[in-house]
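Heads up, target.txt below (compact mmCIF, N, CA and C atoms):
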# COMPACT_ATOMS: atom_id res chain seq x y z
N MET C 1 0.84 -1.18 0.00
CA MET C 1 0.00 0.00 0.00
C MET C 1 0.89 1.24 0.00
N GLN C 2 0.53 2.16 -0.83
CA GLN C 2 1.30 3.39 -0.91
C GLN C 2 0.84 4.38 0.16
N TYR C 3 1.80 5.16 0.62
CA TYR C 3 1.48 6.29 1.49
C TYR C 3 2.55 7.36 1.30
N ARG C 4 2.19 8.57 1.63
CA ARG C 4 3.09 9.71 1.48
C ARG C 4 3.45 10.21 2.87
N VAL C 5 4.71 10.63 3.03
CA VAL C 5 5.20 11.17 4.29
C VAL C 5 5.84 12.52 4.04
N VAL C 6 5.55 13.47 4.92
CA VAL C 6 6.18 14.78 4.87
C VAL C 6 6.97 14.96 6.16
N LEU C 7 8.26 15.24 6.00
CA LEU C 7 9.16 15.47 7.13
C LEU C 7 9.52 16.95 7.21
N PRO C 8 9.77 17.45 8.40
CA PRO C 8 10.22 18.84 8.49
C PRO C 8 11.65 18.99 7.99
N LYS C 9 11.98 20.17 7.51
CA LYS C 9 13.35 20.45 7.09
C LYS C 9 14.24 20.51 8.32
N GLY C 10 15.48 20.18 8.14
CA GLY C 10 16.46 20.32 9.21
C GLY C 10 16.28 19.38 10.37
N LEU C 11 15.78 18.21 10.12
CA LEU C 11 15.60 17.21 11.17
C LEU C 11 16.97 16.74 11.64
N ALA C 12 17.23 16.84 12.93
CA ALA C 12 18.52 16.44 13.49
C ALA C 12 18.65 14.92 13.47
N PRO C 13 19.88 14.42 13.33
CA PRO C 13 20.09 12.96 13.37
C PRO C 13 19.57 12.39 14.69
N ALA C 14 18.92 11.25 14.61
CA ALA C 14 18.37 10.53 15.76
C ALA C 14 17.19 11.26 16.44
N GLN C 15 16.78 12.38 15.91
CA GLN C 15 15.62 13.08 16.46
C GLN C 15 14.34 12.37 16.03
N LYS C 16 13.44 12.18 16.98
CA LYS C 16 12.15 11.57 16.68
C LYS C 16 11.05 12.57 16.97
N LEU C 17 10.00 12.53 16.13
CA LEU C 17 8.91 13.50 16.24
C LEU C 17 7.56 12.81 16.27
N PRO C 18 6.54 13.52 16.77
CA PRO C 18 5.18 12.97 16.72
C PRO C 18 4.66 12.90 15.29
N ALA C 19 3.70 12.01 15.07
CA ALA C 19 3.13 11.82 13.74
C ALA C 19 1.64 12.16 13.74
N VAL C 20 1.22 12.72 12.62
CA VAL C 20 -0.20 12.97 12.36
C VAL C 20 -0.55 12.15 11.12
N TYR C 21 -1.50 11.25 11.29
CA TYR C 21 -1.98 10.42 10.18
C TYR C 21 -3.18 11.13 9.57
N LEU C 22 -3.07 11.48 8.28
CA LEU C 22 -4.09 12.24 7.58
C LEU C 22 -4.83 11.33 6.60
N LEU C 23 -6.13 11.17 6.81
CA LEU C 23 -6.95 10.29 5.98
C LEU C 23 -7.73 11.10 4.96
N HIS C 24 -7.57 10.78 3.70
CA HIS C 24 -8.23 11.52 2.61
C HIS C 24 -9.71 11.18 2.53
N GLY C 25 -10.44 11.99 1.81
CA GLY C 25 -11.87 11.78 1.59
C GLY C 25 -12.13 10.91 0.36
N GLY C 26 -13.40 10.60 0.15
CA GLY C 26 -13.81 9.79 -0.99
C GLY C 26 -13.49 10.51 -2.30
N GLY C 27 -13.07 9.75 -3.28
CA GLY C 27 -12.71 10.32 -4.57
C GLY C 27 -11.31 10.90 -4.60
N ALA C 28 -10.62 10.87 -3.49
CA ALA C 28 -9.25 11.39 -3.40
C ALA C 28 -8.29 10.21 -3.24
N ASP C 29 -7.01 10.52 -3.01
CA ASP C 29 -6.04 9.46 -2.76
C ASP C 29 -4.97 9.97 -1.80
N PHE C 30 -3.96 9.16 -1.57
CA PHE C 30 -2.92 9.49 -0.59
C PHE C 30 -2.12 10.74 -0.95
N ARG C 31 -2.21 11.19 -2.19
CA ARG C 31 -1.50 12.40 -2.61
C ARG C 31 -2.32 13.67 -2.39
N SER C 32 -3.61 13.53 -2.18
CA SER C 32 -4.52 14.67 -2.19
C SER C 32 -4.22 15.72 -1.13
N TRP C 33 -3.88 15.30 0.08
CA TRP C 33 -3.62 16.30 1.13
C TRP C 33 -2.52 17.27 0.69
N THR C 34 -1.44 16.76 0.13
CA THR C 34 -0.33 17.64 -0.25
C THR C 34 -0.52 18.27 -1.63
N ASN C 35 -1.22 17.59 -2.52
CA ASN C 35 -1.44 18.17 -3.85
C ASN C 35 -2.49 19.26 -3.84
N ASP C 36 -3.48 19.15 -2.97
CA ASP C 36 -4.62 20.05 -3.00
C ASP C 36 -4.68 21.04 -1.84
N SER C 37 -3.68 21.04 -0.98
CA SER C 37 -3.66 21.99 0.14
C SER C 37 -2.22 22.29 0.52
N ASP C 38 -2.05 23.19 1.46
CA ASP C 38 -0.69 23.50 1.93
C ASP C 38 -0.43 22.85 3.29
N VAL C 39 -1.00 21.67 3.50
CA VAL C 39 -0.86 20.97 4.77
C VAL C 39 0.60 20.67 5.10
N ALA C 40 1.46 20.54 4.11
CA ALA C 40 2.87 20.22 4.36
C ALA C 40 3.55 21.24 5.26
N ARG C 41 3.05 22.46 5.29
CA ARG C 41 3.68 23.48 6.13
C ARG C 41 3.59 23.14 7.62
N PHE C 42 2.62 22.28 8.00
CA PHE C 42 2.49 21.91 9.41
C PHE C 42 3.64 21.03 9.88
N ALA C 43 4.33 20.39 8.95
CA ALA C 43 5.51 19.61 9.32
C ALA C 43 6.58 20.50 9.92
N GLU C 44 6.61 21.75 9.50
CA GLU C 44 7.62 22.69 10.02
C GLU C 44 7.42 23.00 11.50
N ASN C 45 6.27 22.60 12.06
CA ASN C 45 6.02 22.78 13.49
C ASN C 45 6.49 21.58 14.29
N GLY C 46 7.31 20.73 13.68
CA GLY C 46 7.86 19.59 14.39
C GLY C 46 6.97 18.36 14.34
N LEU C 47 6.29 18.16 13.23
CA LEU C 47 5.42 17.00 13.05
C LEU C 47 5.83 16.22 11.81
N ILE C 48 5.55 14.94 11.83
CA ILE C 48 5.69 14.12 10.64
C ILE C 48 4.28 13.79 10.17
N LEU C 49 3.99 14.06 8.91
CA LEU C 49 2.67 13.81 8.35
C LEU C 49 2.70 12.52 7.55
N VAL C 50 1.74 11.65 7.82
CA VAL C 50 1.65 10.36 7.13
C VAL C 50 0.28 10.27 6.49
N MET C 51 0.26 10.08 5.16
CA MET C 51 -0.99 10.09 4.41
C MET C 51 -1.15 8.77 3.66
N PRO C 52 -1.97 7.85 4.21
CA PRO C 52 -2.14 6.54 3.56
C PRO C 52 -3.18 6.56 2.45
N GLU C 53 -3.10 5.55 1.61
CA GLU C 53 -4.14 5.33 0.60
C GLU C 53 -5.32 4.64 1.28
N GLY C 54 -6.52 5.14 0.98
CA GLY C 54 -7.72 4.56 1.57
C GLY C 54 -8.76 4.15 0.55
N LYS C 55 -8.48 4.43 -0.72
CA LYS C 55 -9.45 4.18 -1.81
C LYS C 55 -10.82 4.66 -1.36
N SER C 56 -11.87 3.84 -1.51
CA SER C 56 -13.22 4.21 -1.07
C SER C 56 -13.65 3.34 0.10
N SER C 57 -12.75 3.11 1.03
CA SER C 57 -12.92 2.10 2.07
C SER C 57 -13.59 2.57 3.36
N TYR C 58 -13.65 3.86 3.60
CA TYR C 58 -14.06 4.42 4.88
C TYR C 58 -13.13 3.94 6.00
N TYR C 59 -12.00 3.39 5.61
CA TYR C 59 -10.95 2.96 6.53
C TYR C 59 -11.45 1.90 7.51
N ILE C 60 -12.31 1.01 7.02
CA ILE C 60 -12.78 -0.11 7.83
C ILE C 60 -12.47 -1.41 7.11
N ASN C 61 -12.62 -2.51 7.80
CA ASN C 61 -12.53 -3.83 7.18
C ASN C 61 -13.89 -4.10 6.55
N ALA C 62 -13.94 -4.15 5.23
CA ALA C 62 -15.20 -4.24 4.51
C ALA C 62 -15.94 -5.55 4.79
N ALA C 63 -17.25 -5.44 4.95
CA ALA C 63 -18.09 -6.60 5.23
C ALA C 63 -18.15 -7.55 4.03
N GLY C 64 -18.26 -7.01 2.83
CA GLY C 64 -18.45 -7.83 1.64
C GLY C 64 -17.24 -7.93 0.73
N ARG C 65 -16.12 -7.46 1.18
CA ARG C 65 -14.89 -7.51 0.37
C ARG C 65 -13.77 -8.08 1.24
N ALA C 66 -13.57 -9.36 1.16
CA ALA C 66 -12.63 -10.05 2.05
C ALA C 66 -11.23 -9.44 2.06
N HIS C 67 -10.78 -8.87 0.94
CA HIS C 67 -9.42 -8.35 0.86
C HIS C 67 -9.31 -6.88 1.27
N ASP C 68 -10.42 -6.20 1.45
CA ASP C 68 -10.38 -4.79 1.87
C ASP C 68 -10.35 -4.71 3.39
N ARG C 69 -9.15 -4.67 3.95
CA ARG C 69 -8.95 -4.70 5.40
C ARG C 69 -8.23 -3.40 5.81
N TYR C 70 -8.86 -2.27 5.55
CA TYR C 70 -8.21 -0.98 5.77
C TYR C 70 -8.01 -0.65 7.24
N GLU C 71 -8.92 -1.06 8.09
CA GLU C 71 -8.71 -0.85 9.53
C GLU C 71 -7.47 -1.60 9.98
N ASP C 72 -7.36 -2.87 9.61
CA ASP C 72 -6.17 -3.66 9.96
C ASP C 72 -4.92 -3.01 9.39
N TYR C 73 -5.00 -2.53 8.16
CA TYR C 73 -3.85 -1.89 7.52
C TYR C 73 -3.37 -0.68 8.32
N ILE C 74 -4.29 0.19 8.72
CA ILE C 74 -3.90 1.39 9.46
C ILE C 74 -3.32 1.02 10.83
N VAL C 75 -4.07 0.24 11.62
CA VAL C 75 -3.66 0.00 13.01
C VAL C 75 -2.52 -1.00 13.14
N SER C 76 -2.39 -1.92 12.22
CA SER C 76 -1.34 -2.94 12.34
C SER C 76 -0.14 -2.70 11.45
N ASP C 77 -0.37 -2.33 10.21
CA ASP C 77 0.73 -2.24 9.25
C ASP C 77 1.29 -0.83 9.09
N LEU C 78 0.42 0.14 8.83
CA LEU C 78 0.89 1.50 8.52
C LEU C 78 1.66 2.13 9.67
N ILE C 79 1.12 2.06 10.86
CA ILE C 79 1.79 2.69 12.01
C ILE C 79 3.16 2.05 12.22
N ALA C 80 3.21 0.73 12.22
CA ALA C 80 4.49 0.04 12.42
C ALA C 80 5.48 0.33 11.29
N ASP C 81 5.01 0.30 10.04
CA ASP C 81 5.89 0.53 8.91
C ASP C 81 6.44 1.96 8.90
N SER C 82 5.58 2.93 9.15
CA SER C 82 6.04 4.32 9.14
C SER C 82 7.00 4.59 10.29
N GLN C 83 6.77 3.99 11.44
CA GLN C 83 7.69 4.17 12.56
C GLN C 83 9.03 3.49 12.32
N ARG C 84 9.01 2.41 11.56
CA ARG C 84 10.26 1.71 11.24
C ARG C 84 11.08 2.48 10.21
N LYS C 85 10.42 3.12 9.24
CA LYS C 85 11.11 3.78 8.14
C LYS C 85 11.43 5.25 8.38
N PHE C 86 10.72 5.88 9.29
CA PHE C 86 10.87 7.32 9.51
C PHE C 86 11.07 7.60 11.00
N PRO C 87 11.63 8.77 11.33
CA PRO C 87 11.93 9.08 12.74
C PRO C 87 10.68 9.51 13.52
N ILE C 88 9.74 8.58 13.65
CA ILE C 88 8.48 8.83 14.35
C ILE C 88 8.58 8.31 15.77
N GLU C 89 8.25 9.15 16.70
CA GLU C 89 8.22 8.77 18.12
C GLU C 89 7.08 7.79 18.34
N GLY C 90 7.35 6.71 19.05
CA GLY C 90 6.32 5.71 19.32
C GLY C 90 5.41 6.13 20.47
N GLY C 91 4.33 5.45 20.61
CA GLY C 91 3.41 5.68 21.72
C GLY C 91 2.23 6.57 21.37
N ARG C 92 1.12 6.28 22.00
CA ARG C 92 -0.14 6.99 21.79
C ARG C 92 0.01 8.50 21.93
N GLU C 93 0.75 8.94 22.92
CA GLU C 93 0.88 10.37 23.21
C GLU C 93 1.59 11.15 22.10
N HIS C 94 2.18 10.44 21.15
CA HIS C 94 2.88 11.07 20.04
C HIS C 94 2.21 10.81 18.70
N ARG C 95 0.90 10.47 18.75
CA ARG C 95 0.21 10.08 17.53
C ARG C 95 -1.19 10.70 17.48
N ALA C 96 -1.52 11.30 16.31
CA ALA C 96 -2.86 11.86 16.08
C ALA C 96 -3.37 11.34 14.74
N ILE C 97 -4.70 11.38 14.59
CA ILE C 97 -5.32 10.97 13.32
C ILE C 97 -6.39 12.00 12.97
N ILE C 98 -6.36 12.43 11.71
CA ILE C 98 -7.28 13.46 11.24
C ILE C 98 -7.77 13.06 9.85
N GLY C 99 -9.03 13.31 9.57
CA GLY C 99 -9.54 12.98 8.25
C GLY C 99 -10.60 13.96 7.79
N ILE C 100 -10.84 13.94 6.49
CA ILE C 100 -11.85 14.79 5.88
C ILE C 100 -12.90 13.90 5.21
N SER C 101 -14.17 14.19 5.44
CA SER C 101 -15.30 13.47 4.86
C SER C 101 -15.18 11.98 5.15
N MET C 102 -14.96 11.13 4.15
CA MET C 102 -14.78 9.70 4.38
C MET C 102 -13.65 9.46 5.38
N GLY C 103 -12.57 10.22 5.24
CA GLY C 103 -11.45 10.11 6.17
C GLY C 103 -11.80 10.59 7.56
N GLY C 104 -12.73 11.55 7.67
CA GLY C 104 -13.22 11.99 8.98
C GLY C 104 -13.97 10.86 9.67
N PHE C 105 -14.79 10.13 8.90
CA PHE C 105 -15.44 8.94 9.44
C PHE C 105 -14.37 7.97 9.94
N GLY C 106 -13.36 7.73 9.11
CA GLY C 106 -12.29 6.81 9.47
C GLY C 106 -11.55 7.24 10.72
N ALA C 107 -11.23 8.52 10.83
CA ALA C 107 -10.50 9.02 12.00
C ALA C 107 -11.30 8.82 13.28
N ILE C 108 -12.58 9.16 13.23
CA ILE C 108 -13.43 8.99 14.42
C ILE C 108 -13.58 7.51 14.76
N ASN C 109 -13.91 6.71 13.76
CA ASN C 109 -14.11 5.28 13.97
C ASN C 109 -12.85 4.61 14.53
N LEU C 110 -11.71 4.87 13.90
CA LEU C 110 -10.46 4.24 14.35
C LEU C 110 -10.07 4.69 15.76
N SER C 111 -10.26 5.97 16.05
CA SER C 111 -9.86 6.46 17.38
C SER C 111 -10.78 5.91 18.47
N LEU C 112 -12.06 5.73 18.17
CA LEU C 112 -12.98 5.15 19.16
C LEU C 112 -12.76 3.66 19.35
N LYS C 113 -12.45 2.96 18.27
CA LYS C 113 -12.21 1.51 18.36
C LYS C 113 -10.83 1.17 18.91
N HIS C 114 -9.89 2.11 18.78
CA HIS C 114 -8.50 1.86 19.22
C HIS C 114 -8.02 3.05 20.04
N PRO C 115 -8.62 3.29 21.21
CA PRO C 115 -8.24 4.47 22.01
C PRO C 115 -6.80 4.42 22.51
N ASP C 116 -6.19 3.24 22.47
CA ASP C 116 -4.80 3.09 22.88
C ASP C 116 -3.81 3.60 21.84
N LEU C 117 -4.29 3.93 20.63
CA LEU C 117 -3.38 4.32 19.55
C LEU C 117 -3.23 5.81 19.33
N PHE C 118 -4.28 6.59 19.59
CA PHE C 118 -4.26 8.00 19.20
C PHE C 118 -4.60 8.92 20.39
N ALA C 119 -3.75 9.91 20.59
CA ALA C 119 -4.00 10.90 21.65
C ALA C 119 -4.99 11.95 21.20
N PHE C 120 -5.13 12.11 19.88
CA PHE C 120 -6.03 13.13 19.32
C PHE C 120 -6.64 12.61 18.03
N ALA C 121 -7.92 12.91 17.85
CA ALA C 121 -8.60 12.60 16.59
C ALA C 121 -9.34 13.84 16.14
N GLY C 122 -9.26 14.14 14.86
CA GLY C 122 -9.97 15.28 14.30
C GLY C 122 -10.69 14.87 13.04
N ALA C 123 -11.85 15.50 12.80
CA ALA C 123 -12.64 15.17 11.62
C ALA C 123 -13.18 16.45 11.01
N LEU C 124 -12.92 16.62 9.73
CA LEU C 124 -13.43 17.76 8.97
C LEU C 124 -14.58 17.26 8.10
N SER C 125 -15.78 17.76 8.33
CA SER C 125 -16.98 17.32 7.60
C SER C 125 -17.07 15.81 7.54
N PRO C 126 -17.03 15.13 8.69
CA PRO C 126 -17.02 13.67 8.67
C PRO C 126 -18.32 13.08 8.14
N ALA C 127 -18.20 12.03 7.37
CA ALA C 127 -19.35 11.35 6.79
C ALA C 127 -19.86 10.28 7.76
N VAL C 128 -20.24 10.71 8.96
CA VAL C 128 -20.62 9.75 10.01
C VAL C 128 -21.97 9.10 9.78
N ASP C 129 -22.79 9.64 8.90
CA ASP C 129 -24.11 9.07 8.65
C ASP C 129 -24.11 7.98 7.58
N VAL C 130 -23.02 7.76 6.93
CA VAL C 130 -22.98 6.84 5.79
C VAL C 130 -23.48 5.44 6.13
N PRO C 131 -23.06 4.81 7.23
CA PRO C 131 -23.54 3.45 7.49
C PRO C 131 -25.05 3.35 7.67
N SER C 132 -25.71 4.44 8.02
CA SER C 132 -27.15 4.39 8.28
C SER C 132 -27.99 5.08 7.20
N ARG C 133 -27.38 5.47 6.10
CA ARG C 133 -28.15 6.11 5.04
C ARG C 133 -29.17 5.12 4.46
N PRO C 134 -30.41 5.57 4.30
CA PRO C 134 -31.43 4.66 3.77
C PRO C 134 -31.26 4.42 2.27
N PHE C 135 -31.85 3.33 1.82
CA PHE C 135 -31.83 2.99 0.41
C PHE C 135 -32.53 4.09 -0.39
N SER C 136 -31.95 4.43 -1.54
CA SER C 136 -32.55 5.40 -2.45
C SER C 136 -32.29 4.93 -3.88
N ILE C 137 -33.35 4.79 -4.65
CA ILE C 137 -33.20 4.36 -6.04
C ILE C 137 -32.38 5.37 -6.83
N LYS C 138 -32.42 6.64 -6.40
CA LYS C 138 -31.65 7.69 -7.08
C LYS C 138 -30.15 7.50 -6.86
N ARG C 139 -29.79 6.83 -5.79
CA ARG C 139 -28.38 6.61 -5.46
C ARG C 139 -28.08 5.12 -5.31
N ILE C 140 -28.60 4.33 -6.21
CA ILE C 140 -28.45 2.88 -6.12
C ILE C 140 -26.99 2.45 -6.16
N GLY C 141 -26.18 3.10 -6.99
CA GLY C 141 -24.75 2.76 -7.07
C GLY C 141 -24.05 3.02 -5.75
N GLN C 142 -24.34 4.17 -5.16
CA GLN C 142 -23.75 4.50 -3.87
C GLN C 142 -24.23 3.53 -2.80
N TRP C 143 -25.50 3.18 -2.82
CA TRP C 143 -26.05 2.25 -1.84
C TRP C 143 -25.36 0.88 -1.95
N ARG C 144 -25.15 0.40 -3.19
CA ARG C 144 -24.47 -0.88 -3.39
C ARG C 144 -23.03 -0.82 -2.87
N GLU C 145 -22.36 0.26 -3.18
CA GLU C 145 -20.97 0.44 -2.71
C GLU C 145 -20.92 0.41 -1.19
N HIS C 146 -21.77 1.18 -0.55
CA HIS C 146 -21.78 1.24 0.92
C HIS C 146 -22.19 -0.09 1.53
N SER C 147 -23.11 -0.81 0.88
CA SER C 147 -23.52 -2.12 1.39
C SER C 147 -22.36 -3.11 1.38
N SER C 148 -21.52 -3.03 0.35
CA SER C 148 -20.37 -3.94 0.28
C SER C 148 -19.32 -3.60 1.32
N ILE C 149 -19.32 -2.35 1.78
CA ILE C 149 -18.37 -1.93 2.81
C ILE C 149 -18.92 -2.20 4.21
N PHE C 150 -20.14 -1.71 4.47
CA PHE C 150 -20.69 -1.75 5.82
C PHE C 150 -21.57 -2.96 6.09
N GLY C 151 -21.99 -3.69 5.04
CA GLY C 151 -22.84 -4.86 5.22
C GLY C 151 -24.31 -4.50 5.23

Would you mind giving the structure from this file in structure tokens?
Amino acid sequence: MQYRVVLPKGLAPAQKLPAVYLLHGGGADFRSWTNDSDVARFAENGLILVMPEGKSSYYINAAGRAHDRYEDYIVSDLIADSQRKFPIEGGREHRAIIGISMGGFGAINLSLKHPDLFAFAGALSPAVDVPSRPFSIKRIGQWREHSSIFG
């Protein structure tokens, strides 16, 4: 799985910093945070930004797609891999998760399900109603997509 990392300039050797995991919204990808905003400037405040690919997953383990295990990917693989490859300080107190729309749903869901992992969670326009949206013939494609994710 691809992900993008932004490091601050002038990082001292052996220096470790807190990480902010940024979850993109639906229709976007792991490049969107840096391509479509100036979020990279926050790294200059002594943070490492980690932006994973989430496709259209809502960052959960999909009910109807056995191979779509995005929750497992974030909590088990991404955090460990990014800490191994980059100078990220370990421990909950040095880790935050933030998302927009679909990613906002993911940030809230992951932080509530795994309170031991994140000291802070933020959501911008979170799509928290998606699992309970009623069937609509006008949005049958969206309903099918969400059904395969949420069951």

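Comparing the minimum interatomic distances between C:Val39 and each of C:Val5, C:Ala127, C:Leu117, C:Asp77, counting only C-alpha atoms, we find that C:Val5 sits nearest.
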
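In this structure, atom CA of C:Ala19 sits 22.1 Å away from atom N of C:Asn61.
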
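Here atom CA of C:Pro13 stands at a distance of 12.4 Å from atom CA of C:Ile88.
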
Exercise. How many Å separate atom CA of C:Asn35 from atom CA of C:Gly91?
Worked result: 28.9 Å

Exercise. For C:Tyr3, which of C:Pro52, C:Asp38, C:Ala28, C:Ser147 is the closest residue, counting all atoms listed in the file?
Worked result: C:Pro52

Problem set entry | From C:Phe105, C:Trp33, C:Phe42, C:Phe86, residue lying nearest C:Tyr58 [all atoms listed in the file] | C:Phe105

Fewer than 6 positions away in the same chain doesn't count, so skip those; otherwise give me all residues within 6.5 Å of C:Lys55, counting only N, CA and C atoms, as a PDB file with N, CA and C atoms, keeping the file's coordinate frame.
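This is the output file selection-v9.pdb:
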ATOM      1  N   GLY C  26     -13.400  10.600   0.150  1.00  0.00           N
ATOM      2  CA  GLY C  26     -13.810   9.790  -0.990  1.00  0.00           C
ATOM      3  C   GLY C  26     -13.490  10.510  -2.300  1.00  0.00           C
ATOM      4  N   GLY C  27     -13.070   9.750  -3.280  1.00  0.00           N
ATOM      5  CA  GLY C  27     -12.710  10.320  -4.570  1.00  0.00           C
ATOM      6  C   GLY C  27     -11.310  10.900  -4.600  1.00  0.00           C
ATOM      7  N   ALA C  28     -10.620  10.870  -3.490  1.00  0.00           N
ATOM      8  CA  ALA C  28      -9.250  11.390  -3.400  1.00  0.00           C
ATOM      9  C   ALA C  28      -8.290  10.210  -3.240  1.00  0.00           C
ATOM     10  N   ASP C  29      -7.010  10.520  -3.010  1.00  0.00           N
ATOM     11  CA  ASP C  29      -6.040   9.460  -2.760  1.00  0.00           C
ATOM     12  C   ASP C  29      -4.970   9.970  -1.800  1.00  0.00           C
TER      13      ASP C  29
END

Exercise. DSSP on the backbone: what in chain C comes out alpha helix (DSSP H), as a PyMOL selection string?
Worked result: chain C and resi 32-36+70-72+79-85+102-113+140-150

Please return stretch 56-70 of chain C, rebuilt to N, CA, C and O atoms, as a PDB file, keeping the file's coordinate frame.
ATOM      1  N   SER C  56     -11.870   3.840  -1.510  1.00  0.00           N
ATOM      2  CA  SER C  56     -13.220   4.210  -1.070  1.00  0.00           C
ATOM      3  C   SER C  56     -13.650   3.340   0.100  1.00  0.00           C
ATOM      4  O   SER C  56     -14.780   2.883   0.180  1.00  0.00           O
ATOM      5  N   SER C  57     -12.750   3.110   1.030  1.00  0.00           N
ATOM      6  CA  SER C  57     -12.920   2.100   2.070  1.00  0.00           C
ATOM      7  C   SER C  57     -13.590   2.570   3.360  1.00  0.00           C
ATOM      8  O   SER C  57     -13.993   1.746   4.162  1.00  0.00           O
ATOM      9  N   TYR C  58     -13.650   3.860   3.600  1.00  0.00           N
ATOM     10  CA  TYR C  58     -14.060   4.420   4.880  1.00  0.00           C
ATOM     11  C   TYR C  58     -13.130   3.940   6.000  1.00  0.00           C
ATOM     12  O   TYR C  58     -13.457   4.014   7.167  1.00  0.00           O
ATOM     13  N   TYR C  59     -12.000   3.390   5.610  1.00  0.00           N
ATOM     14  CA  TYR C  59     -10.950   2.960   6.530  1.00  0.00           C
ATOM     15  C   TYR C  59     -11.450   1.900   7.510  1.00  0.00           C
ATOM     16  O   TYR C  59     -11.059   1.886   8.684  1.00  0.00           O
ATOM     17  N   ILE C  60     -12.310   1.010   7.020  1.00  0.00           N
ATOM     18  CA  ILE C  60     -12.780  -0.110   7.830  1.00  0.00           C
ATOM     19  C   ILE C  60     -12.470  -1.410   7.110  1.00  0.00           C
ATOM     20  O   ILE C  60     -12.110  -1.412   5.932  1.00  0.00           O
ATOM     21  N   ASN C  61     -12.620  -2.510   7.800  1.00  0.00           N
ATOM     22  CA  ASN C  61     -12.530  -3.830   7.180  1.00  0.00           C
ATOM     23  C   ASN C  61     -13.890  -4.100   6.550  1.00  0.00           C
ATOM     24  O   ASN C  61     -14.886  -4.248   7.250  1.00  0.00           O
ATOM     25  N   ALA C  62     -13.940  -4.150   5.230  1.00  0.00           N
ATOM     26  CA  ALA C  62     -15.200  -4.240   4.510  1.00  0.00           C
ATOM     27  C   ALA C  62     -15.940  -5.550   4.790  1.00  0.00           C
ATOM     28  O   ALA C  62     -15.329  -6.623   4.826  1.00  0.00           O
ATOM     29  N   ALA C  63     -17.250  -5.440   4.950  1.00  0.00           N
ATOM     30  CA  ALA C  63     -18.090  -6.600   5.230  1.00  0.00           C
ATOM     31  C   ALA C  63     -18.150  -7.550   4.030  1.00  0.00           C
ATOM     32  O   ALA C  63     -18.086  -8.763   4.193  1.00  0.00           O
ATOM     33  N   GLY C  64     -18.260  -7.010   2.830  1.00  0.00           N
ATOM     34  CA  GLY C  64     -18.450  -7.830   1.640  1.00  0.00           C
ATOM     35  C   GLY C  64     -17.240  -7.930   0.730  1.00  0.00           C
ATOM     36  O   GLY C  64     -17.366  -8.419  -0.390  1.00  0.00           O
ATOM     37  N   ARG C  65     -16.120  -7.460   1.180  1.00  0.00           N
ATOM     38  CA  ARG C  65     -14.890  -7.510   0.370  1.00  0.00           C
ATOM     39  C   ARG C  65     -13.770  -8.080   1.240  1.00  0.00           C
ATOM     40  O   ARG C  65     -13.107  -7.343   1.978  1.00  0.00           O
ATOM     41  N   ALA C  66     -13.570  -9.360   1.160  1.00  0.00           N
ATOM     42  CA  ALA C  66     -12.630 -10.050   2.050  1.00  0.00           C
ATOM     43  C   ALA C  66     -11.230  -9.440   2.060  1.00  0.00           C
ATOM     44  O   ALA C  66     -10.540  -9.483   3.079  1.00  0.00           O
ATOM     45  N   HIS C  67     -10.780  -8.870   0.940  1.00  0.00           N
ATOM     46  CA  HIS C  67      -9.420  -8.350   0.860  1.00  0.00           C
ATOM     47  C   HIS C  67      -9.310  -6.880   1.270  1.00  0.00           C
ATOM     48  O   HIS C  67      -8.188  -6.378   1.397  1.00  0.00           O
ATOM     49  N   ASP C  68     -10.420  -6.200   1.450  1.00  0.00           N
ATOM     50  CA  ASP C  68     -10.380  -4.790   1.870  1.00  0.00           C
ATOM     51  C   ASP C  68     -10.350  -4.710   3.390  1.00  0.00           C
ATOM     52  O   ASP C  68     -11.391  -4.677   4.045  1.00  0.00           O
ATOM     53  N   ARG C  69      -9.150  -4.670   3.950  1.00  0.00           N
ATOM     54  CA  ARG C  69      -8.950  -4.700   5.400  1.00  0.00           C
ATOM     55  C   ARG C  69      -8.230  -3.400   5.810  1.00  0.00           C
ATOM     56  O   ARG C  69      -7.135  -3.423   6.350  1.00  0.00           O
ATOM     57  N   TYR C  70      -8.860  -2.270   5.550  1.00  0.00           N
ATOM     58  CA  TYR C  70      -8.210  -0.980   5.770  1.00  0.00           C
ATOM     59  C   TYR C  70      -8.010  -0.650   7.240  1.00  0.00           C
ATOM     60  O   TYR C  70      -7.024  -0.012   7.602  1.00  0.00           O
TER      61      TYR C  70
END
